[in-house]
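Visitor: Below you'll find the structure I mean.
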Amino acid sequence: MSADTASALSFSARIREASWSRHQGLDPAAGADGDREPGLFDRLFDGSLSVADYTRWHGQQFFVYEAIEAAGERLAGDPVAGPFLFPELARRESLESDLRFLMGPKWRSGLEPLPSTRAYVDRIRASAAAPAGYIAHAYTRYLGDLSGGQAFGKAARRNYGFDGEGASFYDFADIPSPKAFKDEYRARLDAVDLPGDAKDALVAEVLLAYDHNGAVLAELGANLGRNPFEPKVVAAICHHMNHDHADDTLVICRGAGGQPRAHAARMTGFDGEGADFAAAVGETEVAIRVDWARPLSERAEVRPEIVRIFTESKEALDGEAGAA
């Protein structure tokens, strides 16, 4: 976009113009290549996205909105950011409700940000400390939810038979007219009290938000259908290990995980090939992957494999202690 063109556009129109190509290419597999594999959005709309993969996508969104809404709470009294804080947009509680429905009461134990999600959240926390950064990330997510997100909600209800919970994230009960609301939001963007360089930074941050969102979708898309265990099962077993067998989890991370100096640990997930843990070593949390002895596909196979890994870890640690 030329400088003359940009200056002729309202600020909200400038943001839309600058981000249009990012918006069009959000689903990483949704390009023009006829040989491509269907992406996450494709599978949602054609009905082939499993409820398990839908749940994993939903779970990653929780971390993003948790970060955005925490930033909004900090900026509630800011004269620039304040006009963009709308209680009716908040999504964190609806995501928690959906995840409780999809994964059970222990949902939080089975939810861990993907590397791409962690990078996205880190970027939100860094940039949304300033009003322009917050507005950029809030605009990108919330106006997207009120636009294309409504089609996602409709597809989820159709595919999985949800009635309320499960897709309540897409319900904006306190916004009777999304179009009128979006018009008001854009009017506030046009009137935002920011100098030119801060507006430039806001536009650049919107583009980064799209890029981070695309990276999360790409990572999710690369793993569609690969985990034979339902998120509800993962959450229940992780909760059991972390609350009832915390000492055993630490032994596994010290032994099989190769972190003998770990002073705390938690199980963060597992799939058919292995289990994931996070160990606290000093002031750092270290991600650990421990492979199963063979591929697993049934819940009943998980416990014996964890017992084996724990036993081998304890024996190895006891042997090292004896040798010392």
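Ligands are numbered from 1 in the order shown, residues from 1 within each chain, and chains are lettered A, B, ... in the order they appear in the structure tokens.
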Could you pull the residues within 7 Å of Val80 (chain A), counting only C-alpha atoms, minus those fewer than 5 positions along the same chain, as a list in words?
Guide: Pro131, Val192 and Asp193 of chain A
Visitor: Give me the residues within 7 Å of region 269-272 of chain A as a ChimeraX atom specification, counting only C-alpha atoms and dropping any in the same chain fewer than 4 places off.
Guide: /A:110,227-229,234,238,276,295-297
Visitor: Next, the residues of the selection above should be written as a PDB file, in the first residue's frame with N, CA, C and O atoms.
Guide:
ATOM      1  N   GLY A 110      -4.974 -31.518  31.668  1.00  0.00           N
ATOM      2  CA  GLY A 110      -4.619 -32.101  30.379  1.00  0.00           C
ATOM      3  C   GLY A 110      -4.415 -31.079  29.292  1.00  0.00           C
ATOM      4  O   GLY A 110      -4.444 -31.420  28.106  1.00  0.00           O
ATOM      5  N   ASN A 227      -3.364 -38.417  17.627  1.00  0.00           N
ATOM      6  CA  ASN A 227      -3.399 -38.859  19.021  1.00  0.00           C
ATOM      7  C   ASN A 227      -4.594 -39.779  19.223  1.00  0.00           C
ATOM      8  O   ASN A 227      -5.740 -39.344  19.098  1.00  0.00           O
ATOM      9  N   PRO A 228      -4.360 -41.055  19.540  1.00  0.00           N
ATOM     10  CA  PRO A 228      -5.480 -41.988  19.700  1.00  0.00           C
ATOM     11  C   PRO A 228      -6.256 -41.795  20.998  1.00  0.00           C
ATOM     12  O   PRO A 228      -7.306 -42.413  21.179  1.00  0.00           O
ATOM     13  N   PHE A 229      -5.745 -40.945  21.887  1.00  0.00           N
ATOM     14  CA  PHE A 229      -6.386 -40.753  23.185  1.00  0.00           C
ATOM     15  C   PHE A 229      -7.210 -39.481  23.202  1.00  0.00           C
ATOM     16  O   PHE A 229      -6.729 -38.408  22.821  1.00  0.00           O
ATOM     17  N   VAL A 234      -6.683 -37.935  28.499  1.00  0.00           N
ATOM     18  CA  VAL A 234      -5.398 -37.307  28.799  1.00  0.00           C
ATOM     19  C   VAL A 234      -5.506 -36.461  30.061  1.00  0.00           C
ATOM     20  O   VAL A 234      -4.655 -36.522  30.957  1.00  0.00           O
ATOM     21  N   CYS A 238      -3.397 -37.272  33.487  1.00  0.00           N
ATOM     22  CA  CYS A 238      -2.435 -36.249  33.932  1.00  0.00           C
ATOM     23  C   CYS A 238      -2.807 -35.748  35.328  1.00  0.00           C
ATOM     24  O   CYS A 238      -1.926 -35.571  36.186  1.00  0.00           O
ATOM     25  N   ASP A 276       4.548 -36.661  27.832  1.00  0.00           N
ATOM     26  CA  ASP A 276       5.205 -35.368  27.980  1.00  0.00           C
ATOM     27  C   ASP A 276       5.137 -34.910  29.425  1.00  0.00           C
ATOM     28  O   ASP A 276       4.110 -35.072  30.106  1.00  0.00           O
ATOM     29  N   PRO A 295       4.054 -48.553  20.603  1.00  0.00           N
ATOM     30  CA  PRO A 295       2.899 -47.683  20.412  1.00  0.00           C
ATOM     31  C   PRO A 295       1.694 -48.145  21.233  1.00  0.00           C
ATOM     32  O   PRO A 295       1.416 -49.344  21.325  1.00  0.00           O
ATOM     33  N   LEU A 296       0.992 -47.192  21.818  1.00  0.00           N
ATOM     34  CA  LEU A 296      -0.199 -47.481  22.615  1.00  0.00           C
ATOM     35  C   LEU A 296      -1.431 -46.882  21.935  1.00  0.00           C
ATOM     36  O   LEU A 296      -1.339 -45.870  21.260  1.00  0.00           O
ATOM     37  N   SER A 297      -2.576 -47.519  22.161  1.00  0.00           N
ATOM     38  CA  SER A 297      -3.804 -46.999  21.575  1.00  0.00           C
ATOM     39  C   SER A 297      -5.005 -47.123  22.508  1.00  0.00           C
ATOM     40  O   SER A 297      -6.071 -46.576  22.209  1.00  0.00           O
TER      41      SER A 297
END
Visitor: Could you tell me which of A:Tyr210, A:Phe172, A:Phe277, A:Trp107 comes closest to Arg123 (chain A) if we count only C-alpha atoms?
Guide: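 Checking each of A:Tyr210, A:Phe172, A:Phe277, A:Trp107 against Arg123 (chain A), counting only C-alpha atoms, the winner is A:Tyr210.
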Visitor: Nearest residue to Ile124 (chain A) out of A:Ala275, A:Ala316, A:Val64, A:Ala323, using only C-alpha atoms?
Guide: A:Val64
Visitor: Give me the residues within 6 Å of Ser12 (chain A) as a PDB file with all heavy atoms, in the first residue's frame, counting only C-alpha atoms and dropping any in the same chain fewer than 3 places off.
Guide:
ATOM      1  N   ILE A  15      -6.298  -0.855   8.465  1.00  0.00           N
ATOM      2  CA  ILE A  15      -5.972  -2.134   9.118  1.00  0.00           C
ATOM      3  C   ILE A  15      -6.524  -3.295   8.296  1.00  0.00           C
ATOM      4  O   ILE A  15      -5.826  -4.288   8.051  1.00  0.00           O
ATOM      5  CB  ILE A  15      -6.546  -2.170  10.549  1.00  0.00           C
ATOM      6  CG1 ILE A  15      -5.851  -1.132  11.429  1.00  0.00           C
ATOM      7  CG2 ILE A  15      -6.373  -3.565  11.156  1.00  0.00           C
ATOM      8  CD1 ILE A  15      -6.492  -0.971  12.804  1.00  0.00           C
ATOM      9  N   ARG A 186     -15.066  -0.230  14.934  1.00  0.00           N
ATOM     10  CA  ARG A 186     -14.226   0.409  13.906  1.00  0.00           C
ATOM     11  C   ARG A 186     -14.276   1.927  14.013  1.00  0.00           C
ATOM     12  O   ARG A 186     -13.275   2.605  13.730  1.00  0.00           O
ATOM     13  CB  ARG A 186     -14.664  -0.066  12.528  1.00  0.00           C
ATOM     14  CG  ARG A 186     -14.359  -1.543  12.288  1.00  0.00           C
ATOM     15  CD  ARG A 186     -14.708  -1.998  10.890  1.00  0.00           C
ATOM     16  NE  ARG A 186     -14.369  -3.409  10.702  1.00  0.00           N
ATOM     17  CZ  ARG A 186     -15.256  -4.370  10.444  1.00  0.00           C
ATOM     18  NH1 ARG A 186     -16.547  -4.079  10.333  1.00  0.00           N
ATOM     19  NH2 ARG A 186     -14.858  -5.634  10.304  1.00  0.00           N
ATOM     20  N   LEU A 189     -11.778   2.762  16.478  1.00  0.00           N
ATOM     21  CA  LEU A 189     -10.440   2.685  15.886  1.00  0.00           C
ATOM     22  C   LEU A 189     -10.134   3.960  15.100  1.00  0.00           C
ATOM     23  O   LEU A 189      -9.031   4.509  15.184  1.00  0.00           O
ATOM     24  CB  LEU A 189     -10.332   1.472  14.960  1.00  0.00           C
ATOM     25  CG  LEU A 189     -10.138   0.107  15.602  1.00  0.00           C
ATOM     26  CD1 LEU A 189     -10.245  -0.987  14.544  1.00  0.00           C
ATOM     27  CD2 LEU A 189      -8.782   0.016  16.300  1.00  0.00           C
ATOM     28  N   ASP A 190     -11.094   4.419  14.346  1.00  0.00           N
ATOM     29  CA  ASP A 190     -10.886   5.629  13.536  1.00  0.00           C
ATOM     30  C   ASP A 190     -10.625   6.852  14.414  1.00  0.00           C
ATOM     31  O   ASP A 190      -9.930   7.783  13.999  1.00  0.00           O
ATOM     32  CB  ASP A 190     -12.110   5.883  12.644  1.00  0.00           C
ATOM     33  CG  ASP A 190     -12.272   4.822  11.577  1.00  0.00           C
ATOM     34  OD1 ASP A 190     -11.276   4.155  11.239  1.00  0.00           O
ATOM     35  OD2 ASP A 190     -13.406   4.651  11.097  1.00  0.00           O
TER      36      ASP A 190
END
Visitor: Point out the residue among A:Arg91, A:Arg303, A:His23, A:Arg226 with the least atom-to-atom distance to Ser168 (chain A), counting only C-alpha atoms.
Guide: A:Arg91
Visitor: If you run DSSP on this backbone, which residues of region 185-290 of chain A come out as helix (DSSP H, G or I), and could you give them as a PyMOL selection string?
Guide: chain A and resi 185-190+196-221+231-244+246-254
Visitor: List the neighbours of region 246-253 of chain A out to 8 Å using only C-alpha atoms; skip same-chain residues closer than 2 positions along the sequence, and give me the result as an MDAnalysis selection string.
Guide: chainID A and resid 241:244 255:260 262:267 277:279 288 309:310 313:314
Visitor: Filtering to N, CA and C atoms, could you give me those residues as a compact mmCIF listing (two decimals), in the first residue's frame?
Guide:
# COMPACT_ATOMS: atom_id res chain seq x y z
N MET A 241 -1.78 -38.39 37.88
CA MET A 241 -0.32 -38.43 38.10
C MET A 241 0.17 -37.22 38.88
N ASN A 242 -0.39 -36.07 38.58
CA ASN A 242 0.11 -34.83 39.20
C ASN A 242 -0.42 -34.59 40.61
N HIS A 243 -1.57 -35.18 40.91
CA HIS A 243 -2.15 -34.95 42.24
C HIS A 243 -2.02 -36.16 43.16
N ASP A 244 -2.09 -37.35 42.61
CA ASP A 244 -2.01 -38.56 43.44
C ASP A 244 -0.64 -39.22 43.41
N GLY A 255 14.74 -39.66 36.34
CA GLY A 255 15.34 -40.86 35.76
C GLY A 255 15.23 -40.90 34.25
N ALA A 256 14.09 -41.37 33.75
CA ALA A 256 13.89 -41.50 32.30
C ALA A 256 13.99 -40.15 31.60
N GLY A 257 13.63 -39.08 32.32
CA GLY A 257 13.67 -37.76 31.71
C GLY A 257 15.05 -37.13 31.68
N GLY A 258 16.00 -37.72 32.39
CA GLY A 258 17.38 -37.22 32.36
C GLY A 258 17.57 -35.89 33.06
N GLN A 259 16.74 -35.61 34.08
CA GLN A 259 16.88 -34.35 34.82
C GLN A 259 17.02 -34.67 36.32
N PRO A 260 18.17 -35.19 36.74
CA PRO A 260 18.35 -35.62 38.14
C PRO A 260 18.26 -34.48 39.15
N ALA A 262 15.97 -32.10 39.04
CA ALA A 262 14.60 -31.58 39.08
C ALA A 262 14.06 -31.62 40.51
N HIS A 263 13.37 -30.57 40.91
CA HIS A 263 12.80 -30.52 42.26
C HIS A 263 11.28 -30.53 42.25
N ALA A 264 10.67 -30.48 41.08
CA ALA A 264 9.23 -30.62 40.93
C ALA A 264 8.96 -31.03 39.49
N ALA A 265 7.82 -31.66 39.28
CA ALA A 265 7.51 -32.12 37.93
C ALA A 265 6.02 -32.31 37.78
N ARG A 266 5.57 -32.29 36.54
CA ARG A 266 4.17 -32.57 36.24
C ARG A 266 4.07 -33.23 34.88
N MET A 267 3.08 -34.08 34.74
CA MET A 267 2.78 -34.69 33.45
C MET A 267 1.89 -33.72 32.69
N PHE A 277 6.24 -34.32 29.88
CA PHE A 277 6.35 -33.84 31.25
C PHE A 277 7.00 -32.47 31.23
N ALA A 278 6.87 -31.76 32.34
CA ALA A 278 7.60 -30.51 32.54
C ALA A 278 8.25 -30.60 33.91
N ALA A 279 9.57 -30.43 33.96
CA ALA A 279 10.32 -30.54 35.21
C ALA A 279 10.91 -29.19 35.59
N ILE A 288 10.04 -32.35 28.79
CA ILE A 288 10.61 -33.70 28.71
C ILE A 288 9.66 -34.59 27.91
N ILE A 309 8.05 -47.33 33.33
CA ILE A 309 8.98 -46.21 33.25
C ILE A 309 9.39 -45.75 34.65
N PHE A 310 8.42 -45.69 35.57
CA PHE A 310 8.73 -45.31 36.95
C PHE A 310 9.71 -46.31 37.58
N SER A 313 13.13 -45.97 36.14
CA SER A 313 13.72 -44.71 36.59
C SER A 313 14.21 -44.83 38.03
N LYS A 314 13.41 -45.42 38.89
CA LYS A 314 13.79 -45.56 40.30
C LYS A 314 15.01 -46.46 40.44
Visitor: Rank nothing, just name the residue among A:Ala180, A:Ala52, A:Ala18, A:Met103 nearest to Ser147 (chain A), using only C-alpha atoms.
Guide: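 Closest candidate: A:Ala180.
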Visitor: Once you count only C-alpha atoms, what closest atom pair and distance in Å to one decimal does each residue of region 153-242 of chain A within 12 Å of region 113-117 of chain A have, with rows by chain and rising residue number, as CSV?
Guide:
residue,atom,partner,partner_atom,distance
A:Ala209,CA,A:Thr117,CA,11.3
A:Asp211,CA,A:Ser116,CA,10.3
A:His212,CA,A:Ser116,CA,7.1
A:Asn213,CA,A:Thr117,CA,8.1
A:Gly214,CA,A:Ser116,CA,9.2
A:Ala215,CA,A:Ser116,CA,5.9
A:Val216,CA,A:Ser116,CA,5.2
A:Leu217,CA,A:Ser116,CA,8.8
A:Ala218,CA,A:Ser116,CA,8.9
A:Glu219,CA,A:Ser116,CA,7.1
A:Leu220,CA,A:Leu114,CA,8.5
A:Asn223,CA,A:Leu114,CA,11.3
Visitor: Could you write out the selected residues, including N, CA, C and O atoms, as an mmCIF file, in the first residue's frame?
Guide:
data_model
loop_
_atom_site.group_PDB
_atom_site.id
_atom_site.type_symbol
_atom_site.label_atom_id
_atom_site.label_comp_id
_atom_site.auth_asym_id
_atom_site.auth_seq_id
_atom_site.Cartn_x
_atom_site.Cartn_y
_atom_site.Cartn_z
ATOM 1 N N ALA A 209 -0.127 -10.760 14.846
ATOM 2 C CA ALA A 209 -1.159 -11.577 15.481
ATOM 3 C C ALA A 209 -1.689 -12.617 14.496
ATOM 4 O O ALA A 209 -1.884 -13.787 14.857
ATOM 5 N N ASP A 211 -0.025 -13.838 11.973
ATOM 6 C CA ASP A 211 1.053 -14.806 11.757
ATOM 7 C C ASP A 211 1.124 -15.820 12.894
ATOM 8 O O ASP A 211 1.309 -17.024 12.669
ATOM 9 N N HIS A 212 0.992 -15.340 14.127
ATOM 10 C CA HIS A 212 1.018 -16.257 15.270
ATOM 11 C C HIS A 212 -0.186 -17.197 15.245
ATOM 12 O O HIS A 212 -0.042 -18.397 15.517
ATOM 13 N N ASN A 213 -1.337 -16.657 14.927
ATOM 14 C CA ASN A 213 -2.525 -17.499 14.843
ATOM 15 C C ASN A 213 -2.345 -18.568 13.770
ATOM 16 O O ASN A 213 -2.690 -19.742 13.970
ATOM 17 N N GLY A 214 -1.776 -18.165 12.632
ATOM 18 C CA GLY A 214 -1.519 -19.123 11.557
ATOM 19 C C GLY A 214 -0.548 -20.203 11.974
ATOM 20 O O GLY A 214 -0.696 -21.376 11.596
ATOM 21 N N ALA A 215 0.469 -19.845 12.774
ATOM 22 C CA ALA A 215 1.435 -20.834 13.245
ATOM 23 C C ALA A 215 0.780 -21.862 14.159
ATOM 24 O O ALA A 215 1.089 -23.060 14.100
ATOM 25 N N VAL A 216 -0.142 -21.407 15.009
ATOM 26 C CA VAL A 216 -0.858 -22.339 15.878
ATOM 27 C C VAL A 216 -1.709 -23.286 15.037
ATOM 28 O O VAL A 216 -1.704 -24.510 15.260
ATOM 29 N N LEU A 217 -2.422 -22.750 14.061
ATOM 30 C CA LEU A 217 -3.245 -23.589 13.197
ATOM 31 C C LEU A 217 -2.395 -24.588 12.420
ATOM 32 O O LEU A 217 -2.804 -25.737 12.212
ATOM 33 N N ALA A 218 -1.210 -24.162 11.998
ATOM 34 C CA ALA A 218 -0.324 -25.068 11.263
ATOM 35 C C ALA A 218 0.138 -26.213 12.149
ATOM 36 O O ALA A 218 0.165 -27.379 11.723
ATOM 37 N N GLU A 219 0.499 -25.899 13.394
ATOM 38 C CA GLU A 219 0.953 -26.955 14.300
ATOM 39 C C GLU A 219 -0.187 -27.914 14.638
ATOM 40 O O GLU A 219 0.009 -29.132 14.679
ATOM 41 N N LEU A 220 -1.369 -27.368 14.869
ATOM 42 C CA LEU A 220 -2.526 -28.233 15.103
ATOM 43 C C LEU A 220 -2.821 -29.076 13.867
ATOM 44 O O LEU A 220 -3.073 -30.285 13.961
ATOM 45 N N ASN A 223 -0.921 -32.264 13.169
ATOM 46 C CA ASN A 223 -1.123 -33.385 14.087
ATOM 47 C C ASN A 223 -2.568 -33.872 14.136
ATOM 48 O O ASN A 223 -2.935 -34.613 15.054
#
Visitor: Excluding same-chain residues fewer than 3 positions from Phe11 (chain A), what lies within 10 Å of it counting only C-alpha atoms, as a VMD selection string?
Guide: chain A and resid 6 to 8 14 to 17 186 to 192 199 to 200 203
Visitor: Nearest to Pro176 (chain A): which of A:Glu273, A:Glu205, A:Asp122, A:Glu88 is it, counting only C-alpha atoms?
Guide: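 Closest candidate: A:Glu88.
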Visitor: Which residues of region 127-161 of chain A sit at most 9 Å from region 42-51 of chain A, using only C-alpha atoms? Give each one's shortest atom pair and distance in Å (one decimal place), in chain and ascending residue order, as a Markdown table.
Guide:
| residue | atom | partner | partner_atom | distance |
| --- | --- | --- | --- | --- |
| A:Ala151 | CA | A:Phe45 | CA | 8.6 |
| A:Phe152 | CA | A:Leu44 | CA | 7.4 |
| A:Ala155 | CA | A:Phe45 | CA | 5.9 |
| A:Ala156 | CA | A:Leu44 | CA | 7.1 |
| A:Arg158 | CA | A:Gly47 | CA | 8.4 |
| A:Asn159 | CA | A:Gly47 | CA | 5.7 |
| A:Tyr160 | CA | A:Val51 | CA | 7.0 |
Visitor: Put those residues in a file: all heavy atoms, as a PDB file, in the first residue's frame.
Guide:
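Final output, selection31.pdb:
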ATOM      1  N   ALA A 151     -19.346 -18.702  11.724  1.00  0.00           N
ATOM      2  CA  ALA A 151     -19.468 -19.881  10.856  1.00  0.00           C
ATOM      3  C   ALA A 151     -18.826 -21.097  11.525  1.00  0.00           C
ATOM      4  O   ALA A 151     -19.317 -22.226  11.378  1.00  0.00           O
ATOM      5  CB  ALA A 151     -18.810 -19.612   9.507  1.00  0.00           C
ATOM      6  N   PHE A 152     -17.729 -20.881  12.262  1.00  0.00           N
ATOM      7  CA  PHE A 152     -17.107 -21.989  12.991  1.00  0.00           C
ATOM      8  C   PHE A 152     -18.083 -22.560  14.022  1.00  0.00           C
ATOM      9  O   PHE A 152     -18.218 -23.777  14.173  1.00  0.00           O
ATOM     10  CB  PHE A 152     -15.838 -21.530  13.715  1.00  0.00           C
ATOM     11  CG  PHE A 152     -14.744 -21.018  12.822  1.00  0.00           C
ATOM     12  CD1 PHE A 152     -13.770 -20.163  13.319  1.00  0.00           C
ATOM     13  CD2 PHE A 152     -14.674 -21.383  11.489  1.00  0.00           C
ATOM     14  CE1 PHE A 152     -12.753 -19.691  12.514  1.00  0.00           C
ATOM     15  CE2 PHE A 152     -13.665 -20.910  10.664  1.00  0.00           C
ATOM     16  CZ  PHE A 152     -12.703 -20.052  11.179  1.00  0.00           C
ATOM     17  N   ALA A 155     -20.801 -24.596  12.372  1.00  0.00           N
ATOM     18  CA  ALA A 155     -20.304 -25.905  11.924  1.00  0.00           C
ATOM     19  C   ALA A 155     -20.107 -26.845  13.102  1.00  0.00           C
ATOM     20  O   ALA A 155     -20.421 -28.042  13.014  1.00  0.00           O
ATOM     21  CB  ALA A 155     -18.994 -25.729  11.160  1.00  0.00           C
ATOM     22  N   ALA A 156     -19.588 -26.330  14.225  1.00  0.00           N
ATOM     23  CA  ALA A 156     -19.377 -27.175  15.404  1.00  0.00           C
ATOM     24  C   ALA A 156     -20.701 -27.705  15.939  1.00  0.00           C
ATOM     25  O   ALA A 156     -20.816 -28.883  16.296  1.00  0.00           O
ATOM     26  CB  ALA A 156     -18.638 -26.390  16.483  1.00  0.00           C
ATOM     27  N   ARG A 158     -23.439 -28.146  14.242  1.00  0.00           N
ATOM     28  CA  ARG A 158     -23.972 -29.096  13.259  1.00  0.00           C
ATOM     29  C   ARG A 158     -23.226 -30.437  13.339  1.00  0.00           C
ATOM     30  O   ARG A 158     -23.849 -31.508  13.354  1.00  0.00           O
ATOM     31  CB  ARG A 158     -23.826 -28.510  11.857  1.00  0.00           C
ATOM     32  CG  ARG A 158     -24.356 -29.431  10.751  1.00  0.00           C
ATOM     33  CD  ARG A 158     -24.116 -28.841   9.375  1.00  0.00           C
ATOM     34  NE  ARG A 158     -22.697 -28.786   9.032  1.00  0.00           N
ATOM     35  CZ  ARG A 158     -22.011 -27.667   8.840  1.00  0.00           C
ATOM     36  NH1 ARG A 158     -22.598 -26.490   8.973  1.00  0.00           N
ATOM     37  NH2 ARG A 158     -20.734 -27.703   8.517  1.00  0.00           N
ATOM     38  N   ASN A 159     -21.898 -30.387  13.425  1.00  0.00           N
ATOM     39  CA  ASN A 159     -21.106 -31.610  13.374  1.00  0.00           C
ATOM     40  C   ASN A 159     -21.208 -32.447  14.640  1.00  0.00           C
ATOM     41  O   ASN A 159     -21.228 -33.683  14.578  1.00  0.00           O
ATOM     42  CB  ASN A 159     -19.622 -31.278  13.139  1.00  0.00           C
ATOM     43  CG  ASN A 159     -19.367 -30.641  11.792  1.00  0.00           C
ATOM     44  OD1 ASN A 159     -20.206 -30.709  10.896  1.00  0.00           O
ATOM     45  ND2 ASN A 159     -18.213 -30.006  11.641  1.00  0.00           N
ATOM     46  N   TYR A 160     -21.229 -31.767  15.799  1.00  0.00           N
ATOM     47  CA  TYR A 160     -21.113 -32.491  17.067  1.00  0.00           C
ATOM     48  C   TYR A 160     -22.398 -32.480  17.888  1.00  0.00           C
ATOM     49  O   TYR A 160     -22.431 -33.073  18.969  1.00  0.00           O
ATOM     50  CB  TYR A 160     -19.968 -31.904  17.899  1.00  0.00           C
ATOM     51  CG  TYR A 160     -18.691 -31.694  17.110  1.00  0.00           C
ATOM     52  CD1 TYR A 160     -18.111 -30.426  17.007  1.00  0.00           C
ATOM     53  CD2 TYR A 160     -18.072 -32.744  16.447  1.00  0.00           C
ATOM     54  CE1 TYR A 160     -16.945 -30.219  16.264  1.00  0.00           C
ATOM     55  CE2 TYR A 160     -16.914 -32.547  15.699  1.00  0.00           C
ATOM     56  CZ  TYR A 160     -16.361 -31.281  15.614  1.00  0.00           C
ATOM     57  OH  TYR A 160     -15.207 -31.081  14.890  1.00  0.00           O
TER      58      TYR A 160
END
Visitor: Which polymer residues have any atom within 8 Å of an atom of Ile135 (chain A), counting only C-alpha atoms, with same-chain residues fewer than 6 positions away left out, as a PDB file with all heavy atoms, in the first residue's frame?
Guide:
ATOM      1  N   ALA A  81      -6.643   2.550  25.643  1.00  0.00           N
ATOM      2  CA  ALA A  81      -7.103   1.162  25.545  1.00  0.00           C
ATOM      3  C   ALA A  81      -8.500   0.973  26.124  1.00  0.00           C
ATOM      4  O   ALA A  81      -9.263   0.113  25.652  1.00  0.00           O
ATOM      5  CB  ALA A  81      -6.124   0.236  26.255  1.00  0.00           C
ATOM      6  N   PHE A  84     -11.758   0.146  24.260  1.00  0.00           N
ATOM      7  CA  PHE A  84     -11.805  -1.107  23.510  1.00  0.00           C
ATOM      8  C   PHE A  84     -12.022  -2.322  24.415  1.00  0.00           C
ATOM      9  O   PHE A  84     -11.946  -3.454  23.952  1.00  0.00           O
ATOM     10  CB  PHE A  84     -10.518  -1.269  22.688  1.00  0.00           C
ATOM     11  CG  PHE A  84     -10.366  -0.218  21.636  1.00  0.00           C
ATOM     12  CD1 PHE A  84      -9.712   0.982  21.920  1.00  0.00           C
ATOM     13  CD2 PHE A  84     -10.916  -0.390  20.378  1.00  0.00           C
ATOM     14  CE1 PHE A  84      -9.598   1.972  20.959  1.00  0.00           C
ATOM     15  CE2 PHE A  84     -10.801   0.601  19.416  1.00  0.00           C
ATOM     16  CZ  PHE A  84     -10.145   1.790  19.707  1.00  0.00           C
ATOM     17  N   ALA A 128       1.079  -6.254  24.533  1.00  0.00           N
ATOM     18  CA  ALA A 128      -0.156  -5.713  25.099  1.00  0.00           C
ATOM     19  C   ALA A 128       0.063  -4.993  26.416  1.00  0.00           C
ATOM     20  O   ALA A 128      -0.894  -4.534  27.036  1.00  0.00           O
ATOM     21  CB  ALA A 128      -1.187  -6.821  25.276  1.00  0.00           C
ATOM     22  N   LEU A 202       0.671  -0.426  15.568  1.00  0.00           N
ATOM     23  CA  LEU A 202      -0.560  -1.198  15.783  1.00  0.00           C
ATOM     24  C   LEU A 202      -0.877  -2.044  14.549  1.00  0.00           C
ATOM     25  O   LEU A 202      -1.212  -3.234  14.678  1.00  0.00           O
ATOM     26  CB  LEU A 202      -1.717  -0.239  16.088  1.00  0.00           C
ATOM     27  CG  LEU A 202      -3.007  -0.839  16.672  1.00  0.00           C
ATOM     28  CD1 LEU A 202      -3.797   0.245  17.401  1.00  0.00           C
ATOM     29  CD2 LEU A 202      -3.886  -1.471  15.596  1.00  0.00           C
TER      30      LEU A 202
END
Visitor: Would you work out the distance separating CA of Val281 (chain A) from CA of Arg254 (chain A), expressed in Å to one decimal?
Guide: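 Going from CA of Val281 (chain A) over to CA of Arg254 (chain A), I get 10.0 Å.
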Visitor: Just the number, please: distance in Å from CA of Leu99 (chain A) to CA of Arg56 (chain A), one decimal.
Guide: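 About the pair CA of Leu99 (chain A) and CA of Arg56 (chain A): they are 9.4 Å apart.
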Visitor: Give me, please, the distance in Å between CA of Pro105 (chain A) and CA of Glu69 (chain A), quoted to one decimal.
Guide: 22.6 Å
Visitor: Give the answer as one residue: which of A:Leu85, A:Val233, A:Ala300, A:Ala90 has the shortest atom-to-atom distance to Tyr134 (chain A), using only C-alpha atoms?
Guide: A:Leu85
